[in-house]
Every structure is written in structure tokens, then in C-alpha cells.
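Chemist: One file is attached below, final09.txt, containing compact mmCIF, C-alpha atoms and all ligand atoms.
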```txt
# COMPACT_ATOMS: atom_id res chain seq x y z
CA LEU A 262 124.27 154.14 55.60
CA ILE A 263 126.08 151.61 57.79
CA PRO A 264 129.59 150.66 56.58
CA ARG A 265 129.71 146.98 55.74
CA LYS A 266 132.60 146.01 57.92
CA ALA A 267 132.00 144.25 61.23
CA LEU A 268 133.43 146.23 64.12
CA PRO A 269 133.68 144.44 67.47
CA TRP A 270 133.24 146.51 70.58
CA GLY A 271 134.64 146.21 74.09
CA GLY A 272 136.36 143.06 75.22
CA ASP A 273 139.75 144.73 75.76
CA PRO A 274 140.95 143.75 79.27
CA ALA A 275 143.02 146.92 79.81
CA ALA A 276 140.12 149.18 78.81
CA ASP A 277 137.78 147.13 81.04
CA ALA A 278 140.10 147.56 84.01
CA VAL A 279 140.61 151.30 83.44
CA ALA A 280 136.84 151.81 82.97
CA ASP A 281 136.07 149.98 86.21
CA LEU A 282 138.67 151.86 88.23
CA LEU A 283 137.58 155.25 86.90
CA ALA A 284 133.92 154.33 87.47
CA SER A 285 134.64 153.42 91.10
CA ARG A 286 135.87 157.00 91.58
CA ARG A 287 133.53 158.75 89.19
CA GLY A 288 133.92 162.54 89.08
CA THR A 289 137.36 162.56 90.69
CA TYR A 290 140.76 162.51 89.02
CA LEU A 291 143.01 159.48 89.17
CA SER A 292 146.58 160.07 88.07
CA GLY A 293 148.02 158.13 85.15
CA GLU A 294 150.71 156.97 87.50
CA SER A 295 148.36 155.52 90.10
CA LEU A 296 146.27 153.84 87.39
CA SER A 297 149.39 152.29 85.90
CA ARG A 298 150.61 151.17 89.34
CA ARG A 299 147.28 149.65 90.35
CA LEU A 300 146.69 147.87 87.06
CA LYS A 301 150.36 146.89 86.59
CA VAL A 302 150.51 148.21 83.04
CA SER A 303 152.54 151.01 81.45
CA ARG A 304 151.42 154.67 81.35
CA SER A 305 151.13 154.41 77.58
CA ALA A 306 148.85 151.37 77.93
CA ILE A 307 146.62 153.49 80.19
CA TRP A 308 146.64 156.30 77.66
CA LYS A 309 145.68 153.87 74.89
CA ALA A 310 142.88 152.37 76.98
CA VAL A 311 141.50 155.85 77.69
CA GLY A 312 141.57 156.61 73.96
CA ARG A 313 139.63 153.44 73.28
CA LEU A 314 137.06 154.28 75.98
CA LYS A 315 136.58 157.76 74.51
CA ARG A 316 135.91 156.21 71.09
CA GLU A 317 133.33 153.97 72.75
CA GLY A 318 131.56 157.11 73.95
CA TYR A 319 132.90 157.57 77.49
CA GLY A 320 133.18 161.15 78.70
CA ILE A 321 136.66 161.25 80.24
CA ALA A 322 138.47 164.44 81.18
CA ALA A 323 142.25 164.27 80.87
CA SER A 324 144.58 166.72 82.57
CA PRO A 325 148.38 166.61 82.31
CA HIS A 326 148.68 167.33 86.05
CA LEU A 327 145.68 165.56 87.55
CA GLY A 328 145.23 162.50 85.36
CA TYR A 329 141.89 161.11 84.19
CA ARG A 330 138.36 161.67 85.43
CA LEU A 331 135.24 159.77 84.36
CA ASP A 332 132.29 162.07 83.78
CA THR A 333 129.83 160.02 81.74
CA GLU A 334 129.39 156.51 80.47
CA PRO A 335 127.72 155.77 77.13
CA ASP A 336 124.28 154.19 76.91
CA ALA A 337 125.74 151.58 74.61
CA PRO A 338 125.60 147.79 74.68
CA LEU A 339 129.23 147.27 75.72
CA PRO A 340 129.89 143.95 77.46
CA ARG A 341 131.35 145.53 80.61
CA LEU A 342 128.32 147.82 80.97
CA ILE A 343 125.78 145.08 80.22
CA ARG A 344 127.27 142.77 82.83
CA ARG A 345 127.33 145.41 85.57
CA GLY A 346 124.50 144.47 87.91
CA LEU A 347 123.07 141.86 85.51
CA LYS A 348 121.03 139.40 87.57
CA ALA A 349 121.05 136.38 85.30
CA ARG A 350 122.22 132.86 85.88
CA LEU A 351 123.20 131.91 82.36
CA VAL A 352 122.13 134.44 79.78
CA GLY A 353 124.88 137.02 79.23
CA ALA A 354 127.67 135.11 80.97
CA GLU A 355 129.36 135.47 77.57
CA VAL A 356 128.64 138.61 75.56
CA HIS A 357 129.85 139.43 72.04
CA SER A 358 129.23 143.06 71.27
CA PHE A 359 129.60 144.93 67.98
CA HIS A 360 129.55 148.56 67.04
CA ARG A 361 128.10 147.24 63.81
CA ILE A 362 127.60 143.85 62.21
CA ALA A 363 125.53 142.39 59.37
CA SER A 364 123.12 140.51 61.65
CA THR A 365 123.45 139.42 65.27
CA ASN A 366 121.43 136.29 64.39
CA ASP A 367 123.96 135.29 61.72
CA HIS A 368 126.83 135.73 64.15
CA ALA A 369 125.02 133.90 66.96
CA LEU A 370 124.27 130.98 64.61
CA ALA A 371 127.96 130.75 63.71
CA LEU A 372 128.97 130.83 67.40
CA ALA A 373 126.36 128.20 68.24
CA ARG A 374 127.62 125.94 65.46
CA ALA A 375 131.15 126.35 66.84
CA GLY A 376 129.97 125.25 70.30
CA CYS A 377 129.61 128.47 72.32
CA PRO A 378 128.09 128.17 75.82
CA ASP A 379 124.35 128.10 76.46
CA GLY A 380 123.11 131.66 77.03
CA THR A 381 125.74 133.41 74.88
CA VAL A 382 124.57 136.89 73.84
CA VAL A 383 125.38 138.76 70.63
CA VAL A 384 124.42 142.40 70.54
CA ALA A 385 125.07 145.25 68.12
CA ASP A 386 124.57 148.98 68.07
CA ALA A 387 123.71 148.78 64.36
CA GLN A 388 123.09 146.06 61.75
CA TRP A 389 123.33 146.54 58.00
CA GLY A 390 121.79 143.16 57.20
CA GLY A 391 119.25 142.85 60.03
CA ARG A 392 116.81 140.07 59.14
CA GLY A 393 113.11 139.73 59.91
CA ARG A 394 110.70 136.86 59.46
CA MET A 395 110.05 135.47 55.97
CA GLY A 396 113.30 136.86 54.60
CA ARG A 397 112.32 140.47 55.26
CA ARG A 398 114.78 143.23 56.12
CA TRP A 399 114.91 144.55 59.66
CA HIS A 400 115.73 148.23 59.89
CA SER A 401 118.48 148.50 62.58
CA PRO A 402 119.92 152.03 62.71
CA PRO A 403 122.78 152.93 65.12
CA GLY A 404 122.31 154.31 68.62
CA SER A 405 118.59 153.77 68.78
CA GLY A 406 117.55 150.17 69.22
CA LEU A 407 118.26 146.89 70.89
CA TRP A 408 119.41 144.37 68.30
CA VAL A 409 120.26 141.26 70.27
CA SER A 410 120.46 137.50 69.81
CA VAL A 411 120.69 134.80 72.46
CA VAL A 412 122.00 131.28 71.86
CA LEU A 413 120.05 128.66 73.81
CA ARG A 414 120.36 124.92 73.95
CA PRO A 415 116.90 123.90 75.16
CA ARG A 416 115.67 120.37 75.65
CA LEU A 417 112.85 120.67 73.13
CA SER A 418 111.66 119.05 69.96
CA ALA A 419 111.61 121.17 66.82
CA SER A 420 107.90 121.81 67.36
CA GLY A 421 108.94 123.92 70.36
CA THR A 422 110.22 126.69 68.08
CA GLN A 423 107.10 128.84 68.49
CA ALA A 424 107.48 128.60 72.28
CA LEU A 425 111.02 129.99 71.91
CA THR A 426 109.67 132.92 69.90
CA PHE A 427 107.18 133.51 72.72
CA LEU A 428 110.06 133.36 75.17
CA GLY A 429 111.72 136.32 73.42
CA ALA A 430 108.51 138.25 72.88
CA VAL A 431 107.10 137.75 76.39
CA ALA A 432 110.46 138.70 77.93
CA ALA A 433 110.60 141.88 75.83
CA ALA A 434 107.01 142.76 76.69
CA HIS A 435 107.69 142.33 80.42
CA ALA A 436 110.93 144.33 80.28
CA VAL A 437 109.25 147.30 78.59
CA ARG A 438 106.23 147.07 80.89
CA ALA A 439 108.38 146.91 84.01
CA LEU A 440 110.65 149.84 83.15
CA HIS A 441 108.21 152.14 81.36
CA ARG A 442 104.76 151.10 82.50
CA LEU A 443 103.56 150.76 78.93
CA ARG A 444 100.88 148.32 77.84
CA VAL A 445 102.82 146.06 75.53
CA SER A 446 101.01 143.26 73.74
CA LEU A 447 101.88 140.47 71.34
CA LYS A 448 100.63 139.76 67.88
CA TRP A 449 101.01 136.13 66.85
CA PRO A 450 103.39 134.78 65.80
CA ASN A 451 106.28 137.11 66.65
CA ASP A 452 105.36 140.79 66.84
CA ILE A 453 105.71 143.04 69.86
CA TYR A 454 103.11 145.78 69.84
CA LEU A 455 102.61 149.14 71.52
CA ALA A 456 99.59 151.33 70.90
CA ASP A 457 98.47 149.33 67.85
CA ARG A 458 101.85 149.61 66.14
CA LYS A 459 104.77 147.27 65.84
CA MET A 460 107.52 148.14 68.31
CA GLY A 461 109.64 145.02 67.90
CA GLY A 462 109.85 141.51 66.63
CA VAL A 463 111.46 138.15 67.28
CA LEU A 464 113.25 135.93 64.79
CA THR A 465 113.92 132.42 66.11
CA GLU A 466 116.19 130.11 64.14
CA VAL A 467 116.90 126.54 65.19
CA SER A 468 119.08 123.68 64.15
CA ALA A 469 117.46 120.32 64.82
CA GLU A 470 118.56 116.73 64.45
CA ALA A 471 116.20 113.79 64.62
CA ASP A 472 113.54 116.33 65.66
CA LEU A 473 115.54 117.49 68.70
CA ILE A 474 116.71 121.09 68.84
CA GLN A 475 120.52 121.18 68.94
CA TYR A 476 120.65 124.93 69.39
CA ALA A 477 118.38 127.89 68.92
CA VAL A 478 119.03 131.55 68.32
CA ILE A 479 116.38 133.94 69.57
CA GLY A 480 116.85 137.32 67.91
CA VAL A 481 115.00 140.25 69.44
CA GLY A 482 114.73 143.62 67.74
CA LEU A 483 113.27 146.47 69.79
CA ASN A 484 112.81 150.00 68.48
CA VAL A 485 113.83 151.93 71.57
CA ASN A 486 114.72 155.43 70.40
CA VAL A 487 114.03 155.13 66.69
CA ALA A 488 112.48 158.48 65.71
CA ALA A 489 109.23 158.30 63.75
CA LYS A 490 110.82 159.96 60.73
CA ALA A 491 113.81 157.58 60.83
CA PHE A 492 111.64 154.61 59.83
CA PRO A 493 111.61 153.79 56.12
CA GLU A 494 108.59 155.29 54.34
CA GLU A 495 106.66 152.00 54.17
CA LEU A 496 106.91 151.45 57.95
CA ARG A 497 106.09 154.98 59.10
CA GLU A 498 102.38 154.30 59.62
CA ILE A 499 102.76 150.88 61.21
CA ALA A 500 105.91 151.04 63.35
CA THR A 501 106.62 152.72 66.66
CA SER A 502 109.29 152.86 69.33
CA VAL A 503 109.39 153.01 73.12
CA SER A 504 110.55 156.65 73.02
CA ALA A 505 107.67 157.65 70.75
CA GLN A 506 105.24 156.35 73.37
CA VAL A 507 107.13 157.66 76.40
CA GLY A 508 107.64 161.05 74.75
CA ASP A 509 111.35 161.14 75.59
CA GLU A 510 114.61 159.33 74.90
CA VAL A 511 114.87 156.07 76.81
CA ALA A 512 118.03 154.49 78.23
CA ARG A 513 118.86 151.32 76.32
CA LEU A 514 121.19 149.61 78.80
CA PRO A 515 118.73 149.09 81.67
CA LEU A 516 116.19 147.80 79.16
CA LEU A 517 118.72 145.40 77.66
CA ARG A 518 119.73 144.10 81.11
CA ARG A 519 116.10 143.60 82.07
CA LEU A 520 115.40 141.84 78.76
CA LEU A 521 118.27 139.42 79.35
CA GLU A 522 117.09 138.79 82.93
CA GLU A 523 113.55 138.09 81.75
CA ILE A 524 114.88 135.69 79.10
CA ASP A 525 117.12 133.99 81.67
CA ALA A 526 114.27 133.39 84.13
CA ARG A 527 111.95 132.03 81.44
CA TYR A 528 114.63 129.80 80.01
CA ALA A 529 115.16 128.25 83.45
CA SER A 530 111.40 127.65 83.69
CA LEU A 531 111.29 126.18 80.18
CA GLN A 532 114.02 123.67 81.03
CA ARG A 533 112.17 122.62 84.19
CA HIS A 534 108.50 122.76 83.25
CA GLY A 535 108.44 122.72 79.45
CA ALA A 536 106.70 125.21 77.15
CA GLY A 537 103.30 125.27 78.92
CA PRO A 538 103.87 128.26 81.24
CA LEU A 539 105.39 130.28 78.38
CA VAL A 540 102.44 129.69 76.09
CA ASP A 541 100.14 130.65 78.99
CA GLU A 542 102.01 133.92 79.41
CA ALA A 543 101.87 134.60 75.68
CA ARG A 544 98.12 133.95 75.72
CA THR A 545 97.53 136.59 78.41
CA LEU A 546 99.51 139.13 76.35
CA THR A 547 97.68 138.35 73.10
CA PRO A 548 94.56 140.50 72.74
CA MET A 549 93.60 139.13 69.32
CA ILE A 550 91.80 136.13 70.77
CA GLY A 551 88.13 136.43 69.73
CA ARG A 552 88.89 138.73 66.80
CA ILE A 553 88.22 138.01 63.15
CA ILE A 554 91.45 137.87 61.21
CA ARG A 555 92.99 137.01 57.89
CA VAL A 556 96.16 134.92 57.85
CA GLN A 557 98.30 135.01 54.76
CA HIS A 558 100.92 132.32 54.40
CA LEU A 559 102.85 132.02 51.15
CA SER A 560 100.10 131.91 48.54
CA GLN A 561 97.33 130.80 50.92
CA ALA A 562 94.93 133.06 52.78
CA ARG A 563 92.50 132.04 55.49
CA GLU A 564 89.86 133.97 57.40
CA GLY A 565 88.26 133.15 60.68
CA THR A 566 87.84 133.86 64.37
CA VAL A 567 90.81 133.39 66.67
CA VAL A 568 89.90 130.69 69.19
CA GLY A 569 93.21 130.87 71.01
CA LEU A 570 96.68 129.40 71.14
CA ASP A 571 97.25 125.65 71.20
CA THR A 572 99.56 124.15 73.83
CA ASP A 573 102.55 124.45 71.46
CA GLY A 574 101.71 128.02 70.45
CA ALA A 575 99.97 127.21 67.16
CA LEU A 576 97.13 129.60 66.32
CA LEU A 577 93.65 128.07 66.49
CA LEU A 578 91.36 129.59 63.90
CA ARG A 579 87.65 128.83 63.49
CA SER A 580 86.42 129.21 59.92
CA ALA A 581 82.90 130.37 58.97
CA ALA A 582 82.04 126.70 58.39
CA GLY A 583 82.88 126.04 62.04
CA THR A 584 85.99 123.90 61.66
CA VAL A 585 89.01 124.76 63.80
CA GLU A 586 92.40 124.78 62.12
CA ARG A 587 95.87 124.85 63.63
CA LEU A 588 98.13 127.40 61.95
CA LEU A 589 101.89 127.30 62.40
CA ALA A 590 102.94 130.37 60.43
CA GLY A 591 101.59 133.37 58.59
CA ASP A 592 101.00 137.11 58.54
CA VAL A 593 97.95 138.23 60.44
CA SER A 594 95.68 141.16 59.61
CA ILE A 595 92.94 141.91 62.07
CA LEU A 596 89.67 142.49 60.22
CA ARG A 597 87.18 143.09 63.02
C1 LIG A 601 110.37 140.29 62.64
O1 LIG A 601 109.53 140.98 63.21
O2 LIG A 601 110.23 139.93 61.47
C2 LIG A 601 111.56 139.79 63.44
C3 LIG A 601 112.62 140.86 63.59
C4 LIG A 601 113.84 140.38 64.35
C5 LIG A 601 114.97 141.38 64.33
C6 LIG A 601 116.10 140.98 65.23
S1 LIG A 601 117.27 142.31 65.50
C7 LIG A 601 118.38 141.20 66.25
C8 LIG A 601 118.34 139.92 65.45
N1 LIG A 601 119.25 139.97 64.32
C9 LIG A 601 118.62 139.94 63.15
O3 LIG A 601 119.17 139.99 62.02
N2 LIG A 601 117.28 139.86 63.36
C10 LIG A 601 116.96 139.81 64.77
```
Represent the structure of the file as C-alpha cells.
Ligand code: BTN

Modeler:
Amino acid sequence: LIPRKALPWGGDPAADAVADLLASRRGTYLSGESLSRRLKVSRSAIWKAVGRLKREGYGIAASPHLGYRLDTEPDAPLPRLIRRGLKARLVGAEVHSFHRIASTNDHALALARAGCPDGTVVVADAQWGGRGRMGRRWHSPPGSGLWVSVVLRPRLSASGTQALTFLGAVAAAHAVRALHRLRVSLKWPNDIYLADRKMGGVLTEVSAEADLIQYAVIGVGLNVNVAAKAFPEELREIATSVSAQVGDEVARLPLLRRLLEEIDARYASLQRHGAGPLVDEARTLTPMIGRIIRVQHLSQAREGTVVGLDTDGALLLRSAAGTVERLLAGDVSILR
């Protein structure tokens, strides 16, 4: 059970400075005195910063005579670790990280409303109120997933929302493919699939005025190291994680950095060329084209053959009678 009290993570300048200095001399001792001299803070401030780093999961040896030595860094989404080596222009320039929070999408929406910069990232190690599509719960246990939301301010009309979901899903698929050589695919409208099971999903929420998007939050949930038995009963047969497919624990930080870089690059392309290239990419990752499916949306169900994706990402479905319909939302089951 995740305690229902938001707990921010990182963002302490003294701890950042101590972490960077120790990391630059990893495996060797730096005396408290030299740290305090170089950072121009008191010895007790250094001691406090080290305590904070240890609570964040850093392995730091402390010796009364020798000082402090960094042995290991945590594989945790701390801002200073995310930003190290991040090759992104905009996405991640501002990072809000939480040990736990209700939902990164909720927090990102609040930041967006308050005017945060384009590309602001909200990430958490655990969520107790993680949200999925259609008001569903999103299981977000600690230490084992990437639960991340990105605030974007795209020049798009509200009908571009599906393209933004593709942006998140295509970026996630490419990140996992690049780092783990796994065949990731997409299931319209927002699922990320691995080996016929759901490995992640995207929840896009927008605020629009006069049909123009004011801001969008793209929330990506990726089961990275979620153990098969850690999924709730009802998901056990249909969910998977990267580690389950790789057969070993997987580092989350490199995957998170790559995900943010893939989002950053596609966002730049979206602003320049519009949604077309994104929908093209989504199409090549969507194997259900040609299959016979059932789409359930609210109380309506439709069956037909998937013709493809329309230019805005709507699903084109041909019914038995031969008419082609454009679907904007729904849950898909593949029949044949
Ligand atoms: C789905 O498949 O229904 C979408 C799941 C989206 C989950 C992510 S986790 C990060 C972000 N915060 C949330 O509360 N939801 C999204």
C-alpha cells in the first residue's frame, strides 16, 4: 500500500552539489572539510546532504577520518540523475520528481494551468491514484515502473489529441526497442504491447479553447520491472513488463532518458511538420491493420475489418456491409 501523502524527491541544491562532486570522484574518499570548502557550505550542511542522498538510495560510505565515498547511485527518477547526459532540447529542462504522488498527470495538469514551461516533466517512483483511460485505475507500484507525464504546448487543434497519444506511444516503443531490442507494437488507441500483452499505456489530457489546444499532458506508464505476480489478479493474464520479456531486471533511468529524448525529437517534428509523420510512424507500429476486431465504446459495439488509420489517427473500420467508419475512441478486441 502506498501512503497517501505526496513526497517530492530531489531538487535540493546542496544535495545536488554533493552528489555531483562525489560522483566526479566515484570510489574515492573526499573529506568533509574539502567538500565544505569547495561547496562553500558548513560541514553540518554536507552531513545533512549526505543523509538525504542515502535516503534517496545512494550508496555512500562515511568514515570519520577519510570523509565520504560514493559507491552506487540509485536507479531512481531523481531530477539530477535524469538530466545527466539527457540529449533533449526542451523536454526535461524542468523536472518535478516525486517519491510518491497520487498521479503525475494530475500534477502536470496543475503545473500546466499555472503556466509551467513547455516540456516540463513530472515523474514519480510510485502513484497511489494512477489513472488510465476511461476512468480506469493504473497500477503504479514503487521501484518498478516509469510513471511520467510531459506538459506540451503544441500548435494543434483539439482533433490532434490522438496524434499526441501516438507521440507518447511511438516514443515509448522506440525507446524500448532501441535499448532492449524487443519488438514493441501499438494497439489503437493508446496501448503499448510486447509479446501480445499490454506493457504500457498513454493517457493524454488536453485543455482547449476555441478548438485550439492550450496545453496537453501526455502521461506514459511503462511496466519496466513489475513482476508477473505483482500485477493485480485481473491483469495477470493480459499484462507484461520489459523485465518479464528480457528475463532480468532492467535499468529504469536509461529508459526514461531515452523516452524523454524520443518525445523531444517527435515534438520538434510535430511543431514543424504537423501530425502526419507521427501518424505514419504509429501506422508502421500497428499490426492490427487487416484484422477483424470488435470496438466497444460506452454502450456501443462495432465489428469490422481494420482498414487503417486516418490522417488524424482515427481508426478506419470496414463493416460487413462494406461501409467504412471513422472511430475516435473505444476498446478493441481482436477477433481474427
Ligand atoms: C491506459 O492504458 O489506460 C493509460 C495508462 C496511463 C498511465 C500513466 S502513468 C503516468 C501518468 N499518470 C497517470 O495517472 N496516468 C499516466

Chemist: May I have the residues within 10 Å of ligand LIG 601 (chain A), computed using all atoms listed in the file, as a count of residues only?

Modeler: 52

Chemist: Using Å and a single decimal, report how far CA of Val279 (chain A) sits from CA of His360 (chain A).

Modeler: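 Result for CA of His360 (chain A) versus CA of Val279 (chain A): 20.0 Å, one decimal.
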
Chemist: How far is it from CA of Leu496 (chain A) to CA of Ala456 (chain A), in Å with one decimal?

Modeler: 14.9 Å

Chemist: Using all atoms listed in the file, which residues sit within 9 Å of Gly288 (chain A) once same-chain residues fewer than 2 positions away are excluded, as a PyMOL selection string?

Modeler: chain A and resi 283-284+286+290+330-333

Chemist: What lies within 12 Å of Pro538 (chain A) using all atoms listed in the file, ignoring chain neighbours under 2 positions off, as a list in words?

Modeler: Ala424, Leu425, Phe427, Leu428, Val431, Ala526, Arg527, Tyr528, Ala529, Ser530, Leu531, Gln532, Arg533, His534, Gly535, Ala536, Val540, Asp541, Glu542, Ala543, Arg544, Thr545, Thr572, Asp573 and Gly574 of chain A

Chemist: In terms of the shortest atom-to-atom distance over only C-alpha atoms, which of A:Asp525, A:Ser594, A:Asp571, A:Ala375 is closest to His558 (chain A)?

Modeler: A:Ser594

Chemist: Which residue gives the smallest distance to Pro325 (chain A) among A:Leu342, A:Thr501, A:Ala434, A:Gly293, with only C-alpha atoms counted?

Modeler: A:Gly293

Chemist: Gly376 (chain A): which residues within 12 Å, counting only C-alpha atoms, same-chain residues fewer than 2 positions away excluded, as a list in words?

Modeler: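 Here the qualifying residues turn out to be Ala369, Leu370, Ala371, Leu372, Ala373, Arg374, Pro378, Asp379, Gly380, Thr381, Val412, Leu413, Arg414, Gln475, Tyr476 and Ala477 of chain A.
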
Chemist: Quick one: residues within 6 Å of (97.0, 138.0, 55.0) (file frame), counting only C-alpha atoms, please, as a VMD selection string.

Modeler: chain A and resid 555 to 557 562 592 to 594

Chemist: Would you mind reading off the distance between CA of Ala581 (chain A) and CA of Met549 (chain A), one decimal, in Å?

Modeler: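 So the answer is 17.3 Å.
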